[in-house]
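Raw upload35.csv, CSV, C-alpha atoms:
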```
chain,number,residue,atom,x,y,z
Y,1,MET,CA,-16.2,41.0,-22.3
Y,2,LYS,CA,-16.1,44.3,-24.2
Y,3,VAL,CA,-16.4,47.6,-22.3
Y,4,LEU,CA,-16.8,51.0,-23.8
Y,5,GLY,CA,-14.8,53.6,-21.7
Y,6,ILE,CA,-15.7,57.3,-21.5
Y,7,GLU,CA,-13.3,59.8,-19.9
Y,8,THR,CA,-14.5,63.4,-19.5
Y,9,SER,CA,-13.1,64.5,-16.1
Y,10,CYS,CA,-11.3,67.7,-17.3
Y,11,ASP,CA,-10.0,68.9,-20.6
Y,12,GLU,CA,-9.7,65.7,-22.7
Y,13,THR,CA,-12.5,63.6,-24.2
Y,14,GLY,CA,-11.3,60.0,-24.3
Y,15,ILE,CA,-13.2,57.1,-25.7
Y,16,ALA,CA,-12.0,53.5,-26.0
Y,17,ILE,CA,-13.2,49.9,-26.2
Y,18,TYR,CA,-11.3,47.3,-24.2
Y,19,ASP,CA,-11.8,43.5,-24.5
Y,20,ASP,CA,-10.6,41.3,-21.7
Y,21,GLU,CA,-9.3,38.8,-24.3
Y,22,GLN,CA,-7.9,41.0,-27.1
Y,23,GLY,CA,-7.0,44.2,-25.2
Y,24,ILE,CA,-7.6,47.6,-26.6
Y,25,LEU,CA,-9.8,47.4,-29.8
Y,26,ALA,CA,-10.0,51.1,-30.5
Y,27,ASP,CA,-9.0,54.3,-28.8
Y,28,ALA,CA,-9.6,57.9,-29.6
Y,29,LEU,CA,-8.8,61.1,-27.8
Y,30,TYR,CA,-9.5,64.8,-28.3
Y,31,SER,CA,-7.5,67.3,-26.3
Y,32,GLN,CA,-8.7,70.8,-25.5
Y,33,ILE,CA,-5.3,72.3,-25.1
Y,34,ALA,CA,-5.8,74.8,-27.9
Y,35,LEU,CA,-9.2,75.8,-26.5
Y,36,HIS,CA,-7.7,76.7,-23.0
Y,37,ALA,CA,-4.3,77.9,-24.1
Y,38,ASP,CA,-5.2,81.6,-24.2
Y,39,TYR,CA,-6.4,81.4,-20.6
Y,40,GLY,CA,-3.3,79.6,-19.2
Y,41,GLY,CA,-5.5,76.9,-17.7
Y,42,VAL,CA,-8.8,75.0,-18.0
Y,43,VAL,CA,-12.0,77.0,-18.1
Y,44,PRO,CA,-14.6,74.6,-16.7
Y,45,GLU,CA,-17.6,75.9,-18.7
Y,46,LEU,CA,-15.7,75.8,-22.0
Y,47,ALA,CA,-14.5,72.3,-21.1
Y,48,SER,CA,-18.0,71.0,-20.6
Y,49,ARG,CA,-19.3,72.5,-23.8
Y,50,ASP,CA,-16.5,71.0,-25.8
Y,51,HIS,CA,-17.1,67.5,-24.3
Y,52,VAL,CA,-20.7,67.8,-25.5
Y,53,ARG,CA,-19.5,68.6,-29.0
Y,54,ARG,CA,-16.9,65.8,-29.2
Y,55,ILE,CA,-18.2,62.8,-27.3
Y,56,ILE,CA,-20.7,61.3,-29.7
Y,57,PRO,CA,-18.5,61.6,-32.8
Y,58,LEU,CA,-15.7,60.0,-30.9
Y,59,ILE,CA,-17.9,57.1,-29.7
Y,60,LYS,CA,-19.0,56.6,-33.3
Y,61,GLN,CA,-15.4,56.6,-34.4
Y,62,VAL,CA,-14.2,53.9,-31.9
Y,63,MET,CA,-17.3,51.8,-32.7
Y,64,SER,CA,-16.4,51.9,-36.4
Y,65,GLU,CA,-12.7,51.3,-35.9
Y,66,SER,CA,-13.3,48.3,-33.6
Y,67,GLY,CA,-15.9,46.8,-35.9
Y,68,CYS,CA,-18.3,46.6,-32.9
Y,69,GLN,CA,-22.1,47.0,-33.0
Y,70,PRO,CA,-24.1,48.1,-30.0
Y,71,GLY,CA,-25.0,44.5,-29.2
Y,72,ASP,CA,-21.3,43.6,-29.0
Y,73,ILE,CA,-20.8,46.0,-26.0
Y,74,ASP,CA,-21.1,44.2,-22.7
Y,75,GLY,CA,-20.7,47.2,-20.4
Y,76,ILE,CA,-20.0,50.9,-20.3
Y,77,ALA,CA,-17.6,52.6,-17.9
Y,78,TYR,CA,-17.5,56.4,-17.5
Y,79,THR,CA,-15.5,58.6,-15.2
Y,80,ALA,CA,-17.7,59.6,-12.2
Y,81,GLY,CA,-15.0,61.6,-10.4
Y,82,PRO,CA,-13.0,63.3,-9.2
Y,83,GLY,CA,-13.0,66.1,-11.7
Y,84,LEU,CA,-14.9,69.1,-13.0
Y,85,MET,CA,-18.6,68.7,-12.2
Y,86,GLY,CA,-19.9,69.8,-15.6
Y,87,ALA,CA,-17.4,67.8,-17.5
Y,88,LEU,CA,-18.1,64.7,-15.4
Y,89,MET,CA,-21.9,65.1,-16.0
Y,90,VAL,CA,-21.4,65.0,-19.8
Y,91,GLY,CA,-19.7,61.6,-19.7
Y,92,ALA,CA,-22.0,60.2,-17.1
Y,93,ALA,CA,-25.2,61.2,-18.8
Y,94,VAL,CA,-24.0,59.8,-22.2
Y,95,GLY,CA,-22.7,56.6,-20.6
Y,96,ARG,CA,-25.9,55.9,-18.7
Y,97,SER,CA,-28.1,56.8,-21.7
Y,98,LEU,CA,-26.2,54.4,-23.9
Y,99,ALA,CA,-26.3,51.7,-21.3
Y,100,TRP,CA,-30.1,52.0,-21.0
Y,101,THR,CA,-30.5,52.1,-24.8
Y,102,TRP,CA,-28.1,49.2,-25.5
Y,103,GLN,CA,-29.4,47.2,-22.5
Y,104,CYS,CA,-26.1,46.6,-20.8
Y,105,PRO,CA,-24.7,47.5,-17.4
Y,106,SER,CA,-22.7,50.6,-16.7
Y,107,ILE,CA,-20.3,51.7,-13.9
Y,108,GLY,CA,-18.9,55.0,-12.7
Y,109,VAL,CA,-15.1,54.8,-12.4
Y,110,HIS,CA,-12.8,56.6,-10.1
Y,111,HIS,CA,-10.5,58.7,-12.3
Y,112,MET,CA,-7.4,58.0,-10.2
Y,113,GLU,CA,-8.1,54.3,-10.1
Y,114,GLY,CA,-8.0,54.5,-13.9
Y,115,HIS,CA,-4.6,56.1,-13.8
Y,116,LEU,CA,-3.3,53.6,-11.2
Y,117,LEU,CA,-4.3,50.6,-13.2
Y,118,ALA,CA,-3.1,52.1,-16.6
Y,119,PRO,CA,0.2,50.2,-16.5
Y,120,MET,CA,-1.9,47.0,-16.5
Y,121,LEU,CA,-2.6,47.8,-20.2
Y,122,GLU,CA,1.0,46.8,-21.0
Y,123,GLU,CA,2.4,43.3,-21.4
Y,124,ASN,CA,4.7,43.5,-18.3
Y,125,VAL,CA,2.5,44.3,-15.4
Y,126,PRO,CA,3.2,44.8,-11.7
Y,127,ARG,CA,2.2,42.2,-9.1
Y,128,PHE,CA,0.4,43.1,-5.9
Y,129,PRO,CA,1.4,44.6,-3.5
Y,130,PHE,CA,3.2,47.6,-4.9
Y,131,LEU,CA,3.7,51.3,-4.4
Y,132,ALA,CA,2.1,53.8,-6.8
Y,133,LEU,CA,3.1,57.4,-7.4
Y,134,LEU,CA,0.2,59.2,-9.1
Y,135,VAL,CA,1.2,62.5,-10.5
Y,136,SER,CA,-1.2,64.6,-12.6
Y,137,GLY,CA,-2.6,68.1,-13.0
Y,138,GLY,CA,-4.8,67.7,-9.9
Y,139,HIS,CA,-3.3,65.0,-7.8
Y,140,THR,CA,0.1,64.0,-6.3
Y,141,LEU,CA,-0.3,60.8,-4.3
Y,142,LEU,CA,1.8,58.0,-2.9
Y,143,VAL,CA,-0.4,55.0,-2.6
Y,144,ASP,CA,0.1,51.6,-0.9
Y,145,VAL,CA,-1.7,49.2,-3.2
Y,146,THR,CA,-2.4,45.6,-2.0
Y,147,ALA,CA,-5.3,44.7,-4.4
Y,148,ILE,CA,-7.7,46.3,-6.8
Y,149,GLY,CA,-9.6,48.8,-4.7
Y,150,SER,CA,-7.3,48.4,-1.7
Y,151,TYR,CA,-5.6,51.7,-1.7
Y,152,LYS,CA,-4.0,53.5,1.3
Y,153,VAL,CA,-2.8,57.0,0.6
Y,154,ILE,CA,0.5,57.3,2.6
Y,155,GLY,CA,1.7,60.6,1.1
Y,156,GLU,CA,0.3,63.5,-0.8
Y,157,SER,CA,0.9,67.1,-1.8
Y,158,LEU,CA,-0.5,69.5,0.9
Y,159,ASP,CA,-1.1,72.2,-1.7
Y,160,ASP,CA,-0.3,72.3,-5.4
Y,161,ALA,CA,-0.2,69.0,-7.3
Y,162,VAL,CA,2.9,68.5,-9.5
Y,163,GLY,CA,1.1,69.1,-12.7
Y,164,GLU,CA,-0.5,72.3,-11.3
Y,165,ALA,CA,2.9,73.5,-10.2
Y,166,PHE,CA,4.3,73.0,-13.8
Y,167,ASP,CA,1.3,74.9,-15.3
Y,168,LYS,CA,1.6,77.8,-12.9
Y,169,THR,CA,5.4,78.0,-13.3
Y,170,ALA,CA,5.1,78.0,-17.0
Y,171,LYS,CA,2.6,80.9,-16.8
Y,172,MET,CA,4.9,82.9,-14.6
Y,173,LEU,CA,7.7,82.4,-17.1
Y,174,GLY,CA,5.5,83.5,-20.0
Y,175,LEU,CA,5.4,80.1,-21.5
Y,176,GLY,CA,2.5,78.1,-23.0
Y,177,TYR,CA,-0.1,75.7,-21.6
Y,178,PRO,CA,0.1,72.9,-20.5
Y,179,GLY,CA,3.3,73.7,-18.5
Y,180,GLY,CA,4.8,70.2,-18.2
Y,181,PRO,CA,5.8,69.6,-21.8
Y,182,VAL,CA,6.8,73.2,-22.3
Y,183,ILE,CA,9.1,73.4,-19.3
Y,184,SER,CA,10.5,70.0,-20.0
Y,185,LYS,CA,11.4,71.0,-23.6
Y,186,LEU,CA,12.9,74.3,-22.5
Y,187,ALA,CA,14.9,72.7,-19.8
Y,188,GLU,CA,16.9,70.8,-22.4
Y,189,SER,CA,18.7,74.0,-23.2
Y,190,GLY,CA,19.2,75.1,-19.6
Y,191,ILE,CA,22.6,75.3,-18.0
Y,192,THR,CA,23.0,72.7,-15.3
Y,193,GLY,CA,23.7,74.1,-11.9
Y,194,ARG,CA,23.3,77.8,-12.5
Y,195,TYR,CA,20.3,77.8,-10.1
Y,196,LYS,CA,19.7,75.4,-7.2
Y,197,PHE,CA,16.1,75.4,-6.0
Y,198,PRO,CA,14.9,73.9,-2.7
Y,199,ARG,CA,13.5,70.4,-2.4
Y,200,PRO,CA,10.4,71.0,-0.3
Y,201,MET,CA,9.8,68.9,2.8
Y,202,VAL,CA,12.6,66.4,2.2
Y,203,ASN,CA,14.5,67.3,5.4
Y,204,ARG,CA,11.6,66.4,7.6
Y,205,PRO,CA,10.1,62.9,8.3
Y,206,GLY,CA,7.1,61.7,6.4
Y,207,LEU,CA,5.9,61.2,2.9
Y,208,ASP,CA,3.8,64.3,2.3
Y,209,MET,CA,4.9,66.9,-0.2
Y,210,SER,CA,4.5,70.6,-1.0
Y,211,PHE,CA,5.1,72.5,-4.2
Y,212,SER,CA,3.6,75.9,-3.6
Y,213,GLY,CA,6.7,77.3,-2.0
Y,214,LEU,CA,8.9,76.1,-4.8
Y,215,LYS,CA,6.6,77.9,-7.2
Y,216,THR,CA,7.1,81.1,-5.2
Y,217,PHE,CA,10.9,80.6,-5.2
Y,218,VAL,CA,10.7,80.4,-9.0
Y,219,LEU,CA,8.8,83.6,-9.2
Y,220,ASN,CA,11.2,85.5,-7.0
Y,221,THR,CA,14.2,84.2,-9.0
Y,222,TRP,CA,12.6,85.2,-12.3
Y,223,MET,CA,11.6,88.7,-11.1
Y,224,GLU,CA,15.2,89.3,-9.8
Y,225,SER,CA,16.9,88.0,-13.0
Y,226,ASP,CA,17.9,89.6,-16.3
Y,227,LYS,CA,14.9,87.8,-17.9
Y,228,THR,CA,16.8,86.5,-20.9
Y,229,ASP,CA,15.8,83.4,-22.9
Y,230,GLN,CA,18.8,81.6,-21.4
Y,231,THR,CA,17.8,82.5,-17.9
Y,232,ARG,CA,14.3,81.3,-18.6
Y,233,ALA,CA,15.7,77.9,-19.7
Y,234,ASP,CA,18.1,77.7,-16.7
Y,235,ILE,CA,15.2,78.3,-14.4
Y,236,ALA,CA,13.1,75.7,-16.2
Y,237,TRP,CA,15.9,73.2,-15.7
Y,238,ALA,CA,16.3,74.0,-12.0
Y,239,PHE,CA,12.6,73.8,-11.4
Y,240,GLN,CA,12.2,70.5,-13.1
Y,241,ASP,CA,15.2,69.1,-11.4
Y,242,ALA,CA,13.8,70.1,-8.0
Y,243,ILE,CA,10.5,68.4,-8.8
Y,244,VAL,CA,12.1,65.2,-10.0
Y,245,ASP,CA,14.5,65.1,-7.1
Y,246,THR,CA,11.8,65.6,-4.6
Y,247,LEU,CA,9.5,62.9,-6.1
Y,248,THR,CA,12.5,60.5,-6.2
Y,249,ILE,CA,13.4,61.1,-2.6
Y,250,LYS,CA,9.8,60.6,-1.5
Y,251,CYS,CA,9.5,57.4,-3.5
Y,252,LYS,CA,12.7,56.0,-2.0
Y,253,ARG,CA,11.4,56.8,1.5
Y,254,ALA,CA,8.0,55.2,0.7
Y,255,LEU,CA,9.6,52.0,-0.7
Y,256,LYS,CA,11.7,51.7,2.4
Y,257,ALA,CA,8.7,52.2,4.6
Y,258,THR,CA,6.6,49.6,2.8
Y,259,GLY,CA,9.3,47.2,1.9
Y,260,TYR,CA,8.0,46.9,-1.6
Y,261,GLN,CA,10.2,46.3,-4.7
Y,262,GLN,CA,7.7,47.4,-7.3
Y,263,LEU,CA,6.8,51.0,-8.2
Y,264,VAL,CA,4.0,52.2,-10.5
Y,265,ILE,CA,4.2,55.7,-11.9
Y,266,ALA,CA,1.0,57.0,-13.6
Y,267,GLY,CA,-0.8,60.2,-14.4
Y,268,GLY,CA,0.1,62.9,-16.9
Y,269,VAL,CA,3.4,63.8,-15.2
Y,270,SER,CA,4.6,60.2,-15.5
Y,271,ALA,CA,5.4,60.9,-19.1
Y,272,ASN,CA,8.2,63.3,-18.0
Y,273,GLN,CA,11.4,61.7,-19.3
Y,274,ASN,CA,13.6,63.2,-16.6
Y,275,LEU,CA,11.4,61.6,-13.9
Y,276,ARG,CA,11.5,58.3,-15.7
Y,277,GLU,CA,15.3,58.4,-16.2
Y,278,ARG,CA,15.9,59.2,-12.5
Y,279,LEU,CA,13.6,56.4,-11.3
Y,280,ASN,CA,15.2,54.0,-13.8
Y,281,GLN,CA,18.6,54.8,-12.4
Y,282,LEU,CA,17.2,54.0,-9.0
Y,283,ALA,CA,16.0,50.7,-10.2
Y,284,LYS,CA,19.5,49.8,-11.7
Y,285,THR,CA,21.1,50.1,-8.2
Y,286,SER,CA,18.4,48.1,-6.3
Y,287,PRO,CA,16.0,45.1,-6.8
Y,288,LEU,CA,13.3,47.7,-7.7
Y,289,GLU,CA,11.1,47.3,-10.7
Y,290,VAL,CA,9.4,50.4,-12.2
Y,291,PHE,CA,6.3,50.3,-14.3
Y,292,TYR,CA,4.8,53.0,-16.5
Y,293,PRO,CA,2.0,53.3,-19.0
Y,294,GLN,CA,2.8,54.1,-22.6
Y,295,PRO,CA,3.0,57.9,-23.0
Y,296,GLN,CA,-0.4,58.0,-24.7
Y,297,TYR,CA,-2.0,56.4,-21.6
Y,298,CYS,CA,-0.3,58.7,-19.1
Y,299,THR,CA,-2.7,61.5,-19.9
Y,300,ASP,CA,-6.4,61.2,-19.4
Y,301,ASN,CA,-7.8,58.5,-21.8
Y,302,GLY,CA,-10.7,56.2,-22.3
Y,303,ALA,CA,-8.7,53.0,-22.3
Y,304,MET,CA,-7.8,53.2,-18.6
Y,305,ILE,CA,-11.4,53.9,-17.8
Y,306,ALA,CA,-12.6,50.9,-19.8
Y,307,PHE,CA,-10.0,48.7,-18.2
Y,308,ALA,CA,-10.8,49.8,-14.6
Y,309,GLY,CA,-14.6,49.6,-15.3
Y,310,LEU,CA,-14.2,46.1,-16.7
Y,311,GLN,CA,-12.6,44.9,-13.5
Y,312,ARG,CA,-15.6,46.2,-11.5
Y,313,LEU,CA,-18.2,45.0,-13.9
Y,314,LYS,CA,-16.7,41.5,-13.9
Y,315,ALA,CA,-16.9,41.6,-10.1
Y,316,GLY,CA,-20.6,42.3,-10.3
Y,317,GLU,CA,-20.6,46.0,-9.6
Y,318,HIS,CA,-22.9,48.3,-11.7
Y,319,ASP,CA,-25.0,51.4,-11.5
Y,320,GLY,CA,-28.5,51.4,-10.1
Y,321,GLU,CA,-31.3,53.2,-11.8
Y,322,GLY,CA,-29.8,56.6,-11.4
Y,323,PHE,CA,-26.2,57.9,-11.4
Y,324,SER,CA,-24.1,60.4,-9.6
Y,325,THR,CA,-20.8,62.2,-10.1
Y,326,ARG,CA,-18.3,63.2,-7.4
Y,327,PRO,CA,-16.0,66.2,-8.1
Y,328,ARG,CA,-14.2,65.1,-4.9
Y,329,TRP,CA,-13.8,61.4,-4.2
Y,330,PRO,CA,-11.2,59.9,-1.8
Y,331,LEU,CA,-9.4,57.0,-3.3
Y,332,ASP,CA,-9.7,54.9,-0.2
Y,333,GLU,CA,-13.5,54.8,-0.3
Y,334,LEU,CA,-13.6,52.3,-3.2
Y,335,GLU,CA,-14.7,48.7,-2.7
Y,336,VAL,CA,-11.9,46.1,-2.6
Y,337,LEU,CA,-12.1,43.6,-5.4
Y,338,GLY,CA,-9.0,41.4,-5.1
Y,339,ASN,CA,-5.5,41.0,-6.4
Y,340,LYS,CA,-6.2,39.1,-9.7
Y,341,PHE,CA,-7.3,40.4,-13.1
```
When written as structure tokens, how does the structure in this file appear?
Amino acid sequence: MKVLGIETSCDETGIAIYDDEQGILADALYSQIALHADYGGVVPELASRDHVRRIIPLIKQVMSESGCQPGDIDGIAYTAGPGLMGALMVGAAVGRSLAWTWQCPSIGVHHMEGHLLAPMLEENVPRFPFLALLVSGGHTLLVDVTAIGSYKVIGESLDDAVGEAFDKTAKMLGLGYPGGPVISKLAESGITGRYKFPRPMVNRPGLDMSFSGLKTFVLNTWMESDKTDQTRADIAWAFQDAIVDTLTIKCKRALKATGYQQLVIAGGVSANQNLRERLNQLAKTSPLEVFYPQPQYCTDNGAMIAFAGLQRLKAGEHDGEGFSTRPRWPLDELEVLGNKF
């Protein structure tokens, strides 16, 4: 079964074709980073307009690279939410139109389910049940996963998501956008231990997180500093260390609570090398196995949407005559499919 995946939830246009026997046949991505960089964040109207410009050329590209004709496509999956309404509408409208024209079923996919299942694109995949840490620009979630669609959120950020905290901190320090890669690179030249930032909510029970206060702590530290390049790097190091340490502590606590020995890390922030190193160190001292997508599948991409959509299409789910998008869409509202691919 071949599925065309369309991802347009925010600031990246991702198109891919996934085959349940051969894997990813073609994958293309256009990032809008340069478009939004001057604003220090995503401008929804600009994002929607750029998706309109890019989506058809990218679909033509992956069709050509895969050697597929319209009749070869057995289904179309598009991101139906959560995300920016205008951006979601672009992918949904194009996906449904193509499905009607090509006479194949379509399915609206939950963006975070796409991220959660992205490690399944690799050769070594986790087994159900497992714990998932989903860390992106808009979400920070700890999820108890017992099957496809069986998701229980057991911890989340009460304010800023991790990716959002990186972006806002980078903006405060006069750095570029997006903040994650910029801060991570700058932190490499930071002096270890010059600053010690708080680890939010680690001294109280529970698995919820908060990063807004940490962002404010960074701002106060920066405003009271000498504002040199070295100080900027030292603050970047301390901020990243606080984020990674907090996520690691919460993961350890969640693994103990669930009794699981498998941990999936997905979403844009899962590409952070410091986070990966810390969790890999944790795995070396315990029976824990940690699973990540390849870096190119950590950010928003069409392959994860095609894969997630394929699972639901194979189970008999598909759109009706119309379609809808959901800017807000709780992960635990999805239908449970099962624990086999």
For CA of Asn274 (chain Y) and CA of Ala306 (chain Y), determine how far apart the two atoms are, in Å to one decimal place.
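One can read the CA of Asn274 (chain Y) to CA of Ala306 (chain Y) distance as 29.1 Å.
Here CA of Ile55 (chain Y) is placed at a distance of 6.5 Å from CA of Thr13 (chain Y).
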Neighbour list for region 225-234 of chain Y as a list in words, cut-off 7 Å, only C-alpha atoms, skip fewer than 5 positions in-chain:
Leu173, Leu186, Ala187, Ser189, Gly190, Ile191, Arg194 and Tyr195 of chain Y
So the first atom is CA of Ala254 (chain Y) and the second is CA of Ala308 (chain Y); what is the distance between them in Å, to one decimal place?
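About the pair CA of Ala254 (chain Y) and CA of Ala308 (chain Y): they are 24.8 Å apart.
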Of the residues Y:Arg96, Y:Lys250, Y:Lys171, Y:Arg54, which is the one nearest to Arg204 (chain Y), using all atoms listed in the file?
Y:Lys250
Using only C-alpha atoms, which residues of region 1-92 of chain Y come within 10 Å of region 122-144 of chain Y, and what is the closest atom pair for each, with the distance in Å to one decimal? Give it as a tab-separated table, sorted by chain and residue number.
```
residue	atom	partner	partner_atom	distance
Y:Cys10	CA	Y:Gly137	CA	9.7
Y:Gly23	CA	Y:Glu122	CA	9.4
Y:Pro82	CA	Y:Gly138	CA	9.3
Y:Gly83	CA	Y:Gly138	CA	8.5
```
Could you dump the residues just selected with C-alpha atoms as a tab-separated table (two decimals), in the frame of the given file?
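selection.tsv was written with the following content:
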```tsv
chain	number	residue	atom	x	y	z
Y	10	CYS	CA	-11.30	67.70	-17.30
Y	23	GLY	CA	-7.00	44.20	-25.20
Y	82	PRO	CA	-13.00	63.30	-9.20
Y	83	GLY	CA	-13.00	66.10	-11.70
```
Who sits within 10 Å of Met63 (chain Y), only C-alpha atoms, same chain under 3 positions skipped, as an NGL selection string
:Y and (4 or 15-17 or 25-27 or 57-60 or 66-70 or 72-73)
Between Y:Ser324, Y:Ser286, Y:Gln32, Y:Thr258, single out the one closest to Ala80 (chain Y), counting all atoms listed in the file.
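The shortest atom-to-atom distance to Ala80 (chain Y) comes from Y:Ser324.
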Skipping near chain neighbours, those fewer than 2 positions away, what residues fall within 12 Å of Gly322 (chain Y) using all atoms listed in the file, listed as a list in words?
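Final neighbour list, sorted by chain and number: Ala92, Ala93, Gly95, Arg96, Ser97, Ala99, Trp100, Ser106, Ile107, Gly108, His318, Asp319, Gly320, Ser324 and Thr325 of chain Y.
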Among listed residues Y:His110, Y:Tyr18, Y:Gly75, Y:Glu188, nearest Gly316 (chain Y) (using all atoms listed in the file):
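For Gly316 (chain Y), the nearest of the candidates is Y:Gly75.
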At a cut-off of 8 Å from (1.4, 58.4, -14.9) in the coordinates of the file, what residues are picked up using all atoms listed in the file, written as a PyMOL selection string?
chain Y and resi 115-116+118+133-136+265-271+292-293+297-299
As a list in words, please: the residues near Gly71 (chain Y) (cut-off 9 Å, only C-alpha atoms, same-chain neighbours under 6 positions excluded).
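With the cut-off at 9 Å, the set is Trp102, Gln103 and Cys104 of chain Y.
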Write the residues of the preceding selection, restricted to C-alpha atoms, as a tab-separated table (two decimals), in the frame of the given file.
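So selection04.tsv came out as:
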```tsv
chain	number	residue	atom	x	y	z
Y	102	TRP	CA	-28.10	49.20	-25.50
Y	103	GLN	CA	-29.40	47.20	-22.50
Y	104	CYS	CA	-26.10	46.60	-20.80
```
With a distance cut-off of 7 Å and only C-alpha atoms, select the neighbouring residues of region 33-49 of chain Y, excluding the residue or stretch itself and same-chain residues fewer than 4 positions from it, and output the selection as number ranges by chain.
Y: 10-11, 53, 84, 86-87, 90, 171, 176-177
Could you please give me, as a tab-separated table (two decimals) with C-alpha atoms, in the coordinates of the input, the residues of protein, DNA or RNA lying at most 9 Å from (-4.8, 47.5, -4.6) in the coordinate frame of the file, considering all atoms listed in the file?
```tsv
chain	number	residue	atom	x	y	z
Y	128	PHE	CA	0.40	43.10	-5.90
Y	129	PRO	CA	1.40	44.60	-3.50
Y	130	PHE	CA	3.20	47.60	-4.90
Y	143	VAL	CA	-0.40	55.00	-2.60
Y	144	ASP	CA	0.10	51.60	-0.90
Y	145	VAL	CA	-1.70	49.20	-3.20
Y	146	THR	CA	-2.40	45.60	-2.00
Y	147	ALA	CA	-5.30	44.70	-4.40
Y	148	ILE	CA	-7.70	46.30	-6.80
Y	149	GLY	CA	-9.60	48.80	-4.70
Y	150	SER	CA	-7.30	48.40	-1.70
Y	151	TYR	CA	-5.60	51.70	-1.70
Y	152	LYS	CA	-4.00	53.50	1.30
Y	336	VAL	CA	-11.90	46.10	-2.60
Y	337	LEU	CA	-12.10	43.60	-5.40
Y	338	GLY	CA	-9.00	41.40	-5.10
Y	339	ASN	CA	-5.50	41.00	-6.40
```
Residue nearest Lys196 (chain Y) - candidates Y:Leu331, Y:Val3, Y:Ile76, Y:Leu214, atoms counted: all atoms listed in the file:
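That would be Y:Leu214, the residue with the smallest distance to Lys196 (chain Y).
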